[in-house]
$ cat model.cif   # mmCIF, C-alpha atoms
data_start
#
loop_
_atom_site.label_atom_id
_atom_site.label_comp_id
_atom_site.auth_asym_id
_atom_site.auth_seq_id
_atom_site.Cartn_x
_atom_site.Cartn_y
_atom_site.Cartn_z
CA MET A 119 -43.04 -24.10 22.58
CA MET A 120 -40.47 -22.37 20.37
CA THR A 121 -41.40 -24.72 17.52
CA PHE A 122 -45.08 -23.85 17.97
CA ILE A 123 -44.31 -20.12 17.98
CA ASP A 124 -42.07 -20.43 14.93
CA LYS A 125 -44.74 -22.35 13.00
CA TYR A 126 -47.96 -20.62 13.96
CA ILE A 127 -47.17 -17.18 15.40
CA MET A 128 -44.10 -15.89 13.56
CA PRO A 129 -45.59 -15.99 10.00
CA GLY A 130 -48.61 -13.96 11.09
CA ALA A 131 -46.49 -11.52 13.09
CA VAL A 132 -44.16 -10.95 10.14
CA LYS A 133 -47.13 -10.40 7.84
CA VAL A 134 -48.64 -7.83 10.19
CA GLY A 135 -45.29 -6.12 10.65
CA ASN A 136 -44.81 -5.77 6.88
CA ASN A 137 -48.32 -4.52 6.10
CA ARG A 138 -47.90 -1.31 4.08
CA HIS A 139 -50.94 0.38 5.63
CA LEU A 140 -49.85 -0.23 9.21
CA LEU A 141 -46.30 0.83 8.34
CA ALA A 142 -47.59 4.09 6.83
CA ILE A 143 -49.56 4.85 10.01
CA ARG A 144 -46.70 3.93 12.33
CA ASP A 145 -44.01 5.78 10.39
CA THR A 146 -46.16 8.92 10.12
CA LEU A 147 -46.95 9.10 13.83
CA ILE A 148 -43.32 8.45 14.69
CA GLY A 149 -42.25 11.09 12.16
CA MET A 150 -44.51 13.61 13.89
CA ILE A 151 -42.51 13.28 17.11
CA ALA A 152 -41.08 16.82 16.87
CA ILE A 153 -44.62 18.22 16.69
CA THR A 154 -45.98 16.14 19.55
CA MET A 155 -42.93 16.62 21.76
CA ILE A 156 -42.84 20.43 21.58
CA GLY A 157 -46.61 20.64 22.03
CA SER A 158 -46.48 18.31 25.02
CA PHE A 159 -43.65 20.17 26.73
CA ALA A 160 -45.38 23.51 26.09
CA VAL A 161 -48.42 22.25 28.01
CA LEU A 162 -46.19 20.70 30.67
CA PHE A 163 -44.21 23.88 31.33
CA ASN A 164 -47.41 25.94 31.45
CA ASN A 165 -48.97 23.68 34.06
CA LEU A 166 -45.80 23.25 36.11
CA GLY A 167 -46.51 26.74 37.41
CA GLN A 168 -49.51 25.30 39.26
CA VAL A 169 -47.64 22.25 40.58
CA ILE A 170 -44.38 24.01 41.45
CA LYS A 171 -45.41 27.44 42.75
CA PRO A 172 -41.88 28.99 42.86
CA TYR A 173 -41.47 28.14 39.19
CA GLY A 174 -44.76 29.87 38.34
CA ARG A 175 -43.83 32.99 40.30
CA MET A 176 -40.40 33.10 38.67
CA MET A 177 -41.87 32.87 35.13
CA GLU A 178 -44.43 35.57 35.93
CA ALA A 179 -41.74 37.83 37.33
CA ILE A 180 -39.60 37.45 34.19
CA PHE A 181 -42.21 37.41 31.40
CA GLY A 182 -45.28 38.97 33.04
CA PRO A 183 -48.76 37.63 33.87
CA ALA A 184 -49.29 36.32 30.31
CA TRP A 185 -46.10 34.23 30.28
CA ASN A 186 -48.04 31.05 29.44
CA THR A 187 -49.38 32.53 26.17
CA LEU A 188 -46.40 31.04 24.32
CA GLY A 189 -47.31 27.55 25.48
CA GLY A 190 -50.89 28.06 24.34
CA ASP A 191 -49.75 29.20 20.91
CA ILE A 192 -47.46 26.19 20.52
CA TRP A 193 -50.28 23.85 21.56
CA PHE A 194 -52.56 25.40 18.94
CA GLY A 195 -49.93 24.99 16.23
CA THR A 196 -49.28 21.35 17.08
CA PHE A 197 -51.97 19.35 18.86
CA ALA A 198 -54.90 21.38 17.53
CA PHE A 199 -54.15 20.13 13.98
CA MET A 200 -52.80 16.66 14.77
CA THR A 201 -55.16 14.85 12.38
CA VAL A 202 -54.33 17.19 9.49
CA PHE A 203 -50.62 16.38 9.83
CA ALA A 204 -51.46 12.67 10.02
CA VAL A 205 -53.55 12.75 6.84
CA PHE A 206 -50.71 14.33 4.87
CA GLY A 207 -48.09 11.96 6.27
CA ILE A 208 -50.03 8.69 5.99
CA SER A 209 -51.10 9.39 2.43
CA TYR A 210 -47.55 10.31 1.45
CA LYS A 211 -46.01 7.22 3.05
CA LEU A 212 -48.62 4.86 1.61
CA ALA A 213 -48.34 6.29 -1.90
CA ARG A 214 -44.53 6.01 -1.74
CA SER A 215 -44.86 2.33 -0.83
CA TYR A 216 -46.59 1.82 -4.19
CA GLY A 217 -43.82 3.61 -6.08
CA ASP A 218 -45.70 6.90 -6.42
CA ASP A 219 -43.91 10.16 -5.53
CA GLY A 220 -46.64 10.82 -2.95
CA PHE A 221 -47.00 14.58 -3.45
CA GLU A 222 -50.27 14.64 -5.36
CA ALA A 223 -51.63 11.77 -3.28
CA MET A 224 -51.28 13.63 0.01
CA LEU A 225 -52.92 16.78 -1.40
CA VAL A 226 -55.83 14.81 -2.81
CA SER A 227 -56.29 12.91 0.47
CA ALA A 228 -56.29 16.17 2.43
CA ALA A 229 -58.97 17.55 0.10
CA CYS A 230 -61.06 14.41 0.65
CA PHE A 231 -60.69 14.75 4.41
CA PHE A 232 -61.69 18.43 4.44
CA LEU A 233 -64.75 17.98 2.21
CA LEU A 234 -66.10 15.31 4.57
CA LEU A 235 -66.12 17.76 7.50
CA PRO A 236 -69.17 19.87 8.41
CA GLN A 237 -69.11 23.36 6.96
CA ILE A 238 -71.48 24.68 9.60
CA GLY A 239 -70.79 24.24 13.30
CA ASN A 240 -73.14 24.81 16.18
CA VAL A 241 -72.25 27.81 18.31
CA THR A 242 -73.79 28.38 21.75
CA LEU A 243 -74.07 31.99 22.93
CA THR A 244 -75.49 33.34 26.18
CA ILE A 245 -78.03 36.09 25.48
CA ASP A 246 -80.02 37.61 28.36
CA ASP A 247 -78.92 34.74 30.63
CA LYS A 248 -80.19 32.19 28.12
CA ASP A 249 -78.08 29.80 26.04
CA VAL A 250 -78.91 30.14 22.36
CA THR A 251 -77.54 27.53 19.96
CA GLY A 252 -77.34 28.22 16.25
CA GLY A 253 -75.36 27.39 13.15
CA ALA A 254 -72.73 29.61 11.60
CA TRP A 255 -70.85 28.85 8.42
CA GLY A 256 -67.14 28.33 9.01
CA PHE A 257 -67.34 27.99 12.81
CA ILE A 258 -65.97 24.45 13.00
CA SER A 259 -64.88 22.83 16.24
CA VAL A 260 -61.16 22.15 16.64
CA ASN A 261 -62.18 18.57 17.51
CA TYR A 262 -62.52 17.93 13.78
CA PHE A 263 -58.79 18.61 13.35
CA ASN A 264 -57.09 17.44 16.55
CA ALA A 265 -56.53 13.90 17.81
CA THR A 266 -60.27 13.45 18.40
CA ALA A 267 -60.64 13.00 14.64
CA LEU A 268 -57.47 10.93 14.23
CA PHE A 269 -59.31 7.68 13.46
CA THR A 270 -61.35 9.40 10.75
CA GLY A 271 -58.23 10.99 9.29
CA ILE A 272 -56.46 7.62 9.13
CA VAL A 273 -59.42 5.93 7.41
CA VAL A 274 -59.85 8.73 4.85
CA ALA A 275 -56.11 8.95 4.12
CA LEU A 276 -55.79 5.20 3.51
CA ILE A 277 -58.89 4.85 1.33
CA ALA A 278 -58.35 8.06 -0.67
CA THR A 279 -54.73 7.12 -1.38
CA GLU A 280 -55.71 3.61 -2.48
CA ILE A 281 -58.30 5.02 -4.90
CA PHE A 282 -55.90 7.66 -6.25
CA VAL A 283 -53.00 5.24 -6.77
CA ARG A 284 -55.18 2.68 -8.52
CA LEU A 285 -56.78 5.27 -10.80
CA SER A 286 -53.32 6.62 -11.61
CA ARG A 287 -52.43 3.21 -13.04
CA VAL A 288 -55.33 3.24 -15.51
CA LYS A 289 -53.65 4.34 -18.74
CA TYR A 290 -56.87 5.77 -20.21
CA LEU A 291 -57.04 8.27 -17.33
CA VAL A 292 -53.45 9.48 -17.70
CA ILE A 293 -52.89 12.64 -19.74
CA LYS A 294 -49.60 12.54 -21.65
CA LEU A 295 -48.15 15.88 -22.76
CA PRO A 296 -45.47 16.40 -25.44
CA ASP A 297 -41.83 15.82 -24.51
CA GLY A 298 -41.04 19.54 -24.55
CA VAL A 299 -43.33 20.24 -21.58
CA PRO A 300 -41.46 20.73 -18.27
CA PRO A 301 -41.44 17.49 -16.19
CA ALA A 302 -43.20 19.09 -13.20
CA VAL A 303 -46.09 20.24 -15.40
CA ALA A 304 -46.25 16.88 -17.19
CA ARG A 305 -46.45 14.97 -13.87
CA SER A 306 -49.26 17.21 -12.63
CA PHE A 307 -51.34 16.72 -15.75
CA ALA A 308 -50.63 12.99 -15.80
CA LYS A 309 -52.51 12.62 -12.53
CA LEU A 310 -55.10 15.33 -13.11
CA VAL A 311 -58.02 13.03 -13.90
CA PRO A 312 -57.24 10.46 -11.12
CA GLY A 313 -57.01 13.29 -8.57
CA MET A 314 -60.27 14.91 -9.69
CA ALA A 315 -62.02 11.54 -9.76
CA THR A 316 -60.85 10.65 -6.24
CA ILE A 317 -62.12 13.93 -4.80
CA PHE A 318 -65.42 13.57 -6.69
CA ILE A 319 -65.89 10.04 -5.31
CA ALA A 320 -65.27 11.31 -1.77
CA GLY A 321 -67.77 14.11 -2.30
CA VAL A 322 -70.49 11.76 -3.55
CA PHE A 323 -69.80 9.39 -0.64
CA GLY A 324 -70.11 12.24 1.87
CA LEU A 325 -73.43 13.34 0.38
CA LEU A 326 -74.89 9.83 0.41
CA PHE A 327 -73.54 9.17 3.89
CA ARG A 328 -75.21 12.26 5.36
CA LYS A 329 -78.46 11.28 3.69
CA ALA A 330 -78.29 7.75 5.10
CA THR A 331 -77.43 8.91 8.64
CA ASP A 332 -79.87 11.82 8.97
CA GLY A 333 -77.24 14.50 8.44
CA GLN A 334 -74.36 13.04 10.47
CA VAL A 335 -70.87 13.61 9.10
CA LEU A 336 -68.44 10.70 8.88
CA ASN A 337 -66.32 11.78 11.88
CA ASP A 338 -69.31 12.07 14.23
CA TRP A 339 -70.71 8.70 13.15
CA LEU A 340 -67.36 6.90 13.48
CA GLY A 341 -66.80 8.48 16.88
CA LYS A 342 -70.15 7.23 18.16
CA VAL A 343 -70.18 3.76 16.59
CA ILE A 344 -66.51 2.72 16.53
CA VAL A 345 -64.05 5.06 18.23
CA SER A 346 -65.72 5.48 21.63
CA PRO A 347 -66.34 1.72 22.18
CA LEU A 348 -62.85 0.94 20.85
CA GLN A 349 -61.15 3.44 23.16
CA SER A 350 -63.08 2.06 26.12
CA ALA A 351 -61.91 -1.45 25.26
CA VAL A 352 -58.33 -0.31 24.70
CA ASP A 353 -58.17 1.68 27.92
CA SER A 354 -58.67 -1.48 29.98
CA LEU A 355 -56.48 -3.75 32.05
CA PRO A 356 -57.08 -6.89 29.90
CA PHE A 357 -55.95 -5.02 26.77
CA ALA A 358 -52.87 -3.70 28.56
CA ILE A 359 -51.91 -7.21 29.69
CA LEU A 360 -52.49 -8.67 26.22
CA LEU A 361 -50.48 -5.94 24.50
CA VAL A 362 -47.47 -6.17 26.82
CA PHE A 363 -47.52 -9.98 26.67
CA LEU A 364 -47.54 -10.00 22.84
CA VAL A 365 -44.80 -7.37 22.58
CA HIS A 366 -42.42 -9.42 24.73
CA LEU A 367 -43.45 -12.74 23.23
CA LEU A 368 -42.48 -11.39 19.80
CA TRP A 369 -39.15 -10.15 21.20
CA MET A 370 -38.43 -13.65 22.53
CA ILE A 371 -38.55 -15.06 18.99
CA GLY A 372 -36.37 -12.28 17.60
CA LEU A 373 -39.05 -9.93 16.26
CA HIS A 374 -39.30 -6.26 17.24
CA GLY A 375 -42.60 -6.36 19.13
CA PRO A 376 -43.21 -2.59 19.47
CA ASN A 377 -42.55 -2.01 15.76
CA ILE A 378 -44.77 -4.88 14.62
CA LEU A 379 -47.72 -3.87 16.79
CA GLY A 380 -47.03 -0.13 16.49
CA GLY A 381 -49.27 0.35 13.46
CA ILE A 382 -52.22 -0.77 15.57
CA THR A 383 -51.35 0.54 19.03
CA THR A 384 -49.62 3.84 18.23
CA PRO A 385 -52.76 5.63 16.93
CA LEU A 386 -54.74 4.46 19.95
CA PHE A 387 -52.10 5.54 22.47
CA GLU A 388 -51.45 8.82 20.66
CA SER A 389 -55.14 9.69 20.52
CA SER A 390 -55.64 8.99 24.23
CA GLY A 391 -52.39 10.78 25.07
CA VAL A 392 -53.35 13.94 23.20
CA LYS A 393 -56.78 13.86 24.85
CA ASN A 394 -55.08 13.78 28.27
CA ILE A 395 -52.77 16.62 27.30
CA ASP A 396 -55.74 18.70 26.12
CA LEU A 397 -57.61 18.07 29.38
CA TYR A 398 -54.50 18.97 31.35
CA ALA A 399 -54.05 22.18 29.33
CA LYS A 400 -57.63 23.15 30.19
CA GLY A 401 -56.99 22.51 33.89
CA VAL A 402 -59.50 19.65 34.21
CA LYS A 403 -59.29 18.19 37.73
CA ASP A 404 -61.64 15.22 37.32
CA MET A 405 -59.28 12.25 36.98
CA ASP A 406 -62.08 10.02 35.63
CA GLN A 407 -61.95 11.96 32.35
CA TYR A 408 -58.32 11.03 31.76
CA GLY A 409 -57.27 7.85 29.98
CA VAL A 410 -54.98 5.37 31.74
CA LEU A 411 -53.25 3.73 28.76
CA ALA A 412 -52.28 7.01 27.19
CA GLY A 413 -49.24 8.30 25.33
CA SER A 414 -46.04 7.40 27.16
CA PHE A 415 -47.60 5.07 29.76
CA LEU A 416 -45.45 2.07 28.85
CA ASP A 417 -42.23 4.08 28.41
CA ALA A 418 -42.71 5.78 31.78
CA PHE A 419 -43.78 2.84 33.93
CA VAL A 420 -43.12 -0.49 32.17
CA TYR A 421 -40.27 -0.32 29.64
CA LEU A 422 -37.69 0.61 32.27
CA GLY A 423 -34.43 0.20 30.40
CA GLY A 424 -36.28 -0.91 27.29
CA SER A 425 -38.61 -3.81 26.54
CA GLY A 426 -38.55 -6.35 29.34
CA ALA A 427 -37.49 -3.71 31.89
CA THR A 428 -33.93 -4.91 31.38
CA LEU A 429 -32.47 -2.16 33.55
CA GLY A 430 -33.73 -4.34 36.38
CA LEU A 431 -31.75 -7.24 34.88
CA ILE A 432 -28.59 -5.13 34.79
CA ILE A 433 -29.05 -4.17 38.44
CA ALA A 434 -29.65 -7.85 39.29
CA MET A 435 -26.41 -8.73 37.49
CA ILE A 436 -24.54 -6.14 39.55
CA ILE A 437 -25.97 -7.68 42.74
CA ALA A 438 -25.66 -11.38 41.93
CA GLY A 439 -23.08 -11.79 39.20
CA ARG A 440 -20.86 -8.74 39.04
CA LYS A 441 -17.68 -10.68 38.23
CA ARG A 442 -19.26 -13.05 35.73
CA TYR A 443 -21.25 -10.41 33.87
CA LYS A 444 -18.73 -7.59 34.17
CA GLN A 445 -18.43 -7.15 30.41
CA MET A 446 -22.20 -7.36 29.83
CA ILE A 447 -22.84 -4.77 32.56
CA ALA A 448 -20.30 -2.44 30.94
CA LEU A 449 -21.84 -2.87 27.47
CA GLY A 450 -25.49 -2.65 28.45
CA GLY A 451 -25.45 -0.41 31.53
CA ALA A 452 -25.13 3.05 29.97
CA PRO A 453 -27.49 2.38 27.01
CA GLY A 454 -29.95 0.74 29.42
CA VAL A 455 -30.26 3.94 31.42
CA PHE A 456 -31.55 5.55 28.23
CA GLN A 457 -33.98 2.72 27.40
CA ILE A 458 -31.70 1.12 24.78
CA ASN A 459 -31.34 -2.59 25.49
CA GLU A 460 -30.26 -4.29 22.25
CA PRO A 461 -26.81 -5.11 23.74
CA ILE A 462 -28.56 -7.09 26.47
CA LEU A 463 -31.26 -8.62 24.26
CA PHE A 464 -28.82 -10.02 21.72
CA GLY A 465 -25.61 -10.07 23.75
CA LEU A 466 -26.69 -12.10 26.78
CA PRO A 467 -28.77 -13.26 24.86
CA ILE A 468 -32.41 -13.00 25.92
CA VAL A 469 -33.83 -13.52 22.44
CA LEU A 470 -34.55 -17.23 21.75
CA ASN A 471 -33.30 -18.12 25.23
CA PRO A 472 -35.97 -20.03 27.25
CA MET A 473 -34.02 -19.37 30.47
CA TRP A 474 -35.14 -15.71 30.44
CA PHE A 475 -38.70 -16.24 29.18
CA ILE A 476 -40.44 -15.90 32.55
CA PRO A 477 -38.78 -12.71 33.85
CA PHE A 478 -38.62 -11.02 30.45
CA VAL A 479 -42.25 -11.65 29.49
CA LEU A 480 -44.11 -11.94 32.78
CA GLY A 481 -42.15 -9.25 34.64
CA PRO A 482 -43.49 -6.40 32.46
CA VAL A 483 -46.99 -7.89 32.68
CA ILE A 484 -46.81 -7.65 36.49
CA THR A 485 -45.58 -4.04 36.44
CA THR A 486 -48.27 -3.19 33.87
CA VAL A 487 -50.96 -4.46 36.22
CA ILE A 488 -49.47 -2.49 39.12
CA SER A 489 -49.18 0.68 37.04
CA TYR A 490 -52.69 0.43 35.63
CA ILE A 491 -54.23 -0.04 39.07
CA ALA A 492 -52.13 2.79 40.52
CA VAL A 493 -53.21 5.27 37.83
CA SER A 494 -56.84 4.17 37.53
CA SER A 495 -57.31 4.33 41.31
CA GLY A 496 -55.97 7.88 41.47
CA MET A 497 -52.88 7.02 43.53
CA VAL A 498 -50.68 8.14 40.62
CA PHE A 499 -51.37 11.12 38.37
CA PRO A 500 -52.23 10.10 34.78
CA ILE A 501 -49.99 10.59 31.77
CA VAL A 502 -50.31 14.23 30.67
CA ALA A 503 -47.06 14.78 28.75
CA LYS A 504 -45.28 13.00 25.94
CA ILE A 505 -41.70 12.09 26.76
CA PRO A 506 -38.91 10.83 24.47
CA TRP A 507 -38.65 7.07 24.75
CA VAL A 508 -34.98 7.47 25.69
CA THR A 509 -35.86 9.38 28.88
CA PRO A 510 -34.22 7.59 31.85
CA PRO A 511 -36.53 5.66 34.20
CA ILE A 512 -37.97 7.53 37.20
CA VAL A 513 -37.23 10.84 35.44
CA GLY A 514 -39.63 9.70 32.73
CA GLY A 515 -42.32 8.91 35.28
CA PHE A 516 -41.92 12.36 36.82
CA LEU A 517 -42.14 14.24 33.50
CA ALA A 518 -44.87 12.11 31.91
CA THR A 519 -47.23 12.82 34.83
CA GLY A 520 -46.73 16.57 34.57
CA GLY A 521 -44.05 16.86 37.24
CA HIS A 522 -45.89 14.83 39.88
CA VAL A 523 -43.74 12.89 42.33
CA SER A 524 -46.24 10.02 42.26
CA GLY A 525 -45.12 9.14 38.72
CA ALA A 526 -41.47 8.97 39.76
CA ILE A 527 -42.32 6.84 42.81
CA LEU A 528 -44.32 4.35 40.71
CA ALA A 529 -41.46 4.03 38.20
CA ALA A 530 -38.97 3.48 41.05
CA ILE A 531 -41.19 0.80 42.64
CA ASN A 532 -41.56 -0.98 39.30
CA LEU A 533 -37.79 -0.88 38.81
CA VAL A 534 -37.29 -2.54 42.21
CA ILE A 535 -39.93 -5.16 41.36
CA SER A 536 -38.28 -5.88 38.00
CA THR A 537 -34.91 -6.30 39.70
CA ALA A 538 -36.45 -8.67 42.26
CA ILE A 539 -38.04 -10.75 39.49
CA TYR A 540 -34.77 -11.03 37.56
CA LEU A 541 -32.60 -11.71 40.62
CA PRO A 542 -33.36 -15.45 41.16
CA PHE A 543 -32.89 -16.13 37.46
CA VAL A 544 -29.51 -14.39 37.49
CA TYR A 545 -28.49 -16.53 40.49
CA ALA A 546 -29.70 -19.64 38.66
CA GLN A 547 -27.84 -18.70 35.46
CA VAL A 548 -24.63 -18.05 37.42
CA LYS A 549 -24.98 -21.44 39.07
CA ILE A 550 -25.57 -23.16 35.72
CA ASP A 551 -22.58 -21.41 34.12
CA THR A 552 -20.35 -22.31 37.05
CA LYS A 553 -21.44 -25.94 36.89
CA ASN A 554 -20.85 -26.08 33.13
CA GLU A 555 -17.38 -24.55 33.52
CA THR A 556 -16.51 -27.08 36.23
CA GLU A 557 -17.61 -29.98 34.04
CA ILE A 558 -15.64 -28.63 31.08
CA THR A 559 -12.56 -28.30 33.28
CA LYS A 560 -12.93 -31.89 34.52
CA ASP A 561 -13.39 -33.19 30.98
CA SER A 562 -10.29 -31.27 29.87
CA GLU A 563 -8.22 -32.70 32.72
CA THR A 564 -9.43 -36.21 31.91
CA LEU A 565 -8.41 -35.82 28.29
CA ASN A 566 -5.00 -34.52 29.29
CA VAL A 567 -4.45 -37.55 31.54
#
$ encode --input "model.cif" --output "structure tokens"
Amino acid sequence: MMTFIDKYIMPGAVKVGNNRHLLAIRDTLIGMIAITMIGSFAVLFNNLGQVIKPYGRMMEAIFGPAWNTLGGDIWFGTFAFMTVFAVFGISYKLARSYGDDGFEAMLVSAACFFLLLPQIGNVTLTIDDKDVTGGAWGFISVNYFNATALFTGIVVALIATEIFVRLSRVKYLVIKLPDGVPPAVARSFAKLVPGMATIFIAGVFGLLFRKATDGQVLNDWLGKVIVSPLQSAVDSLPFAILLVFLVHLLWMIGLHGPNILGGITTPLFESSGVKNIDLYAKGVKDMDQYGVLAGSFLDAFVYLGGSGATLGLIIAMIIAGRKRYKQMIALGGAPGVFQINEPILFGLPIVLNPMWFIPFVLGPVITTVISYIAVSSGMVFPIVAKIPWVTPPIVGGFLATGGHVSGAILAAINLVISTAIYLPFVYAQVKIDTKNETEITKDSETLNV
């Protein structure tokens, strides 16, 4: 099996993991963690007042009835413009991967993104008890800037940057100024024509696209034709099982599964996570509107101690092999509490060790199924807050679900299940090690005789 994986799976996985476009997307969304974290916690703290009544009364007593205004302002400055931040970051990262400085590329990509948006939005007003809908220039829905438009922003940033970088390499389009001109001015003029051409191409495309689609803008068309069906497919149990299985299969052959697949999965999880946070901020009670595989779902309920739920393995070692694995428990215990499990993965080792294949790969699949069913059935509150991936298990489940005890209980149950899955394999490994040591001792005594 390892030979098959090494021959047929590893080359493709490495190629995907090194793709410059996926890396640009992944690195940008990871780099935006400060924005998403503060926005998420602002929404969380605002809504905790409804879940934990004493907390709400305390905040109102200290800061007044409008104490949650701060959280609303922070949300508007972060999540409301999520796609705009992504366009700048992805274009910059992608251009840098080609050796460009990235500054002009990200500005040009942003211009391309903005010109493809509708300039007139529909506004509905109630006049004499009747809803009147009309257009008003400049009244554009925030959905064209937040995570709802993230897929469009990613597509535009990638394509616009590719066009700009390639045009910048055409020597006939580069304006060269005399040596005495300041370098900053010379660099700007050098890419003047490629930048103008890229924006012009985007403008012509937008015009032709609206004509071909009866006035639809790119974001609306993509949302209807691609994004909605894709999100429905992604927010499903089969996709969750496939994703978790591939992540841990890649780990087993020594490849960082979350990083390799992050360029594909991160935008999908982030988009669904921000949607949940927005619904939660608006006080939506209908759980059917919330996504299941959203934001920190895997960190809160599946990756307990890191990939493979290895905190369960450490607990199993304490139960079944405390003396034999004393050093490994000491090395991996504290980091494992904070979801860092490299000491266990490479120290035990788990990587490239068939003995641990079943619990390491199939254990998380089982807890994923349990978690998905628990959230989708309404037994556990959905993910409505983004948590740092180093948040300790159980605490992470509590925070990610907006301070609901159901999230902590699910994480605790999954931790017990993971420990139970690892336990027989720890017993078996202890038995194998003991047998091997006995045979080595006998062989040594025989040689001495």
$ residues_near_point --input "model.cif" --point "(-35.5, -13.3, 38.4)" --cutoff "12 Å" --atoms "only C-alpha atoms" --output "count of residues only"
35
$ resolve_selection --input "model.cif" --expression "the PyMOL selection byres ((chain A and resi 262) around 10)" --output "ChimeraX atom specification"
/A:198-202,232,235-236,258-261,263-268,270-271,337-338
$ residues_around --input "model.cif" --residues "Gly525 (chain A)" --least-positions-apart "4" --cutoff "12 Å" --atoms "all atoms listed in the file" --output "count of residues only"
33
$ closest_residue --input "model.cif" --among "A:Arg287, A:Arg138, A:Pro183, A:Ser306" --to "Phe221 (chain A)" --atoms "only C-alpha atoms"
A:Ser306
$ closest_residue --input "model.cif" --among "A:Thr196, A:Asn137, A:Thr316, A:Ser425" --to "Glu460 (chain A)" --atoms "only C-alpha atoms"
A:Ser425
$ resolve_selection --input "model.cif" --expression "the PyMOL selection byres ((chain A and resi 145) around 12)" --output "VMD selection string"
chain A and resid 135 137 to 144 146 to 151 204 207 to 212 215 377 to 378 380 to 382 384 to 385
$ atom_distance --input "model.cif" --atom1 "CA of Val523 (chain A)" --atom2 "CA of Gly451 (chain A)"
25.1 Å
$ residues_near_point --input "model.cif" --point "(-41.3, 28.1, 34.6)" --cutoff "12 Å" --atoms "only C-alpha atoms" --output "ChimeraX atom specification"
/A:159-182,185-186,188-189,521
$ resolve_selection --input "model.cif" --expression "the PyMOL selection byres ((chain A and resi 320) around 12)" --output "VMD selection string"
chain A and resid 226 to 235 274 to 275 277 to 279 281 to 282 313 to 319 321 to 327 336
$ residues_around --input "model.cif" --residues "Ser494 (chain A)" --least-positions-apart "6" --cutoff "12 Å" --atoms "only C-alpha atoms" --output "PDB file with C-alpha atoms, in the coordinates of the input"
ATOM      1  CA  ASP A 353     -58.170   1.680  27.920  1.00  0.00           C
ATOM      2  CA  SER A 354     -58.670  -1.480  29.980  1.00  0.00           C
ATOM      3  CA  LEU A 355     -56.480  -3.750  32.050  1.00  0.00           C
ATOM      4  CA  MET A 405     -59.280  12.250  36.980  1.00  0.00           C
ATOM      5  CA  ASP A 406     -62.080  10.020  35.630  1.00  0.00           C
ATOM      6  CA  GLN A 407     -61.950  11.960  32.350  1.00  0.00           C
ATOM      7  CA  TYR A 408     -58.320  11.030  31.760  1.00  0.00           C
ATOM      8  CA  GLY A 409     -57.270   7.850  29.980  1.00  0.00           C
ATOM      9  CA  VAL A 410     -54.980   5.370  31.740  1.00  0.00           C
ATOM     10  CA  LEU A 411     -53.250   3.730  28.760  1.00  0.00           C
ATOM     11  CA  ALA A 412     -52.280   7.010  27.190  1.00  0.00           C
ATOM     12  CA  THR A 486     -48.270  -3.190  33.870  1.00  0.00           C
ATOM     13  CA  VAL A 487     -50.960  -4.460  36.220  1.00  0.00           C
ATOM     14  CA  ILE A 488     -49.470  -2.490  39.120  1.00  0.00           C
ATOM     15  CA  PRO A 500     -52.230  10.100  34.780  1.00  0.00           C
ATOM     16  CA  ILE A 501     -49.990  10.590  31.770  1.00  0.00           C
TER      17      ILE A 501
END
$ atom_distance --input "model.cif" --atom1 "CA of Ser286 (chain A)" --atom2 "CA of Ala308 (chain A)"
8.1 Å
$ atom_distance --input "model.cif" --atom1 "CA of Phe464 (chain A)" --atom2 "CA of Gly372 (chain A)"
8.9 Å
$ closest_residue --input "model.cif" --among "A:Leu386, A:Leu373, A:Ile272, A:Val335" --to "Ala351 (chain A)" --atoms "all atoms listed in the file"
A:Leu386
$ closest_residue --input "model.cif" --among "A:Ile468, A:Ala330, A:Ala184, A:Ile458" --to "Pro510 (chain A)" --atoms "only C-alpha atoms"
A:Ile458
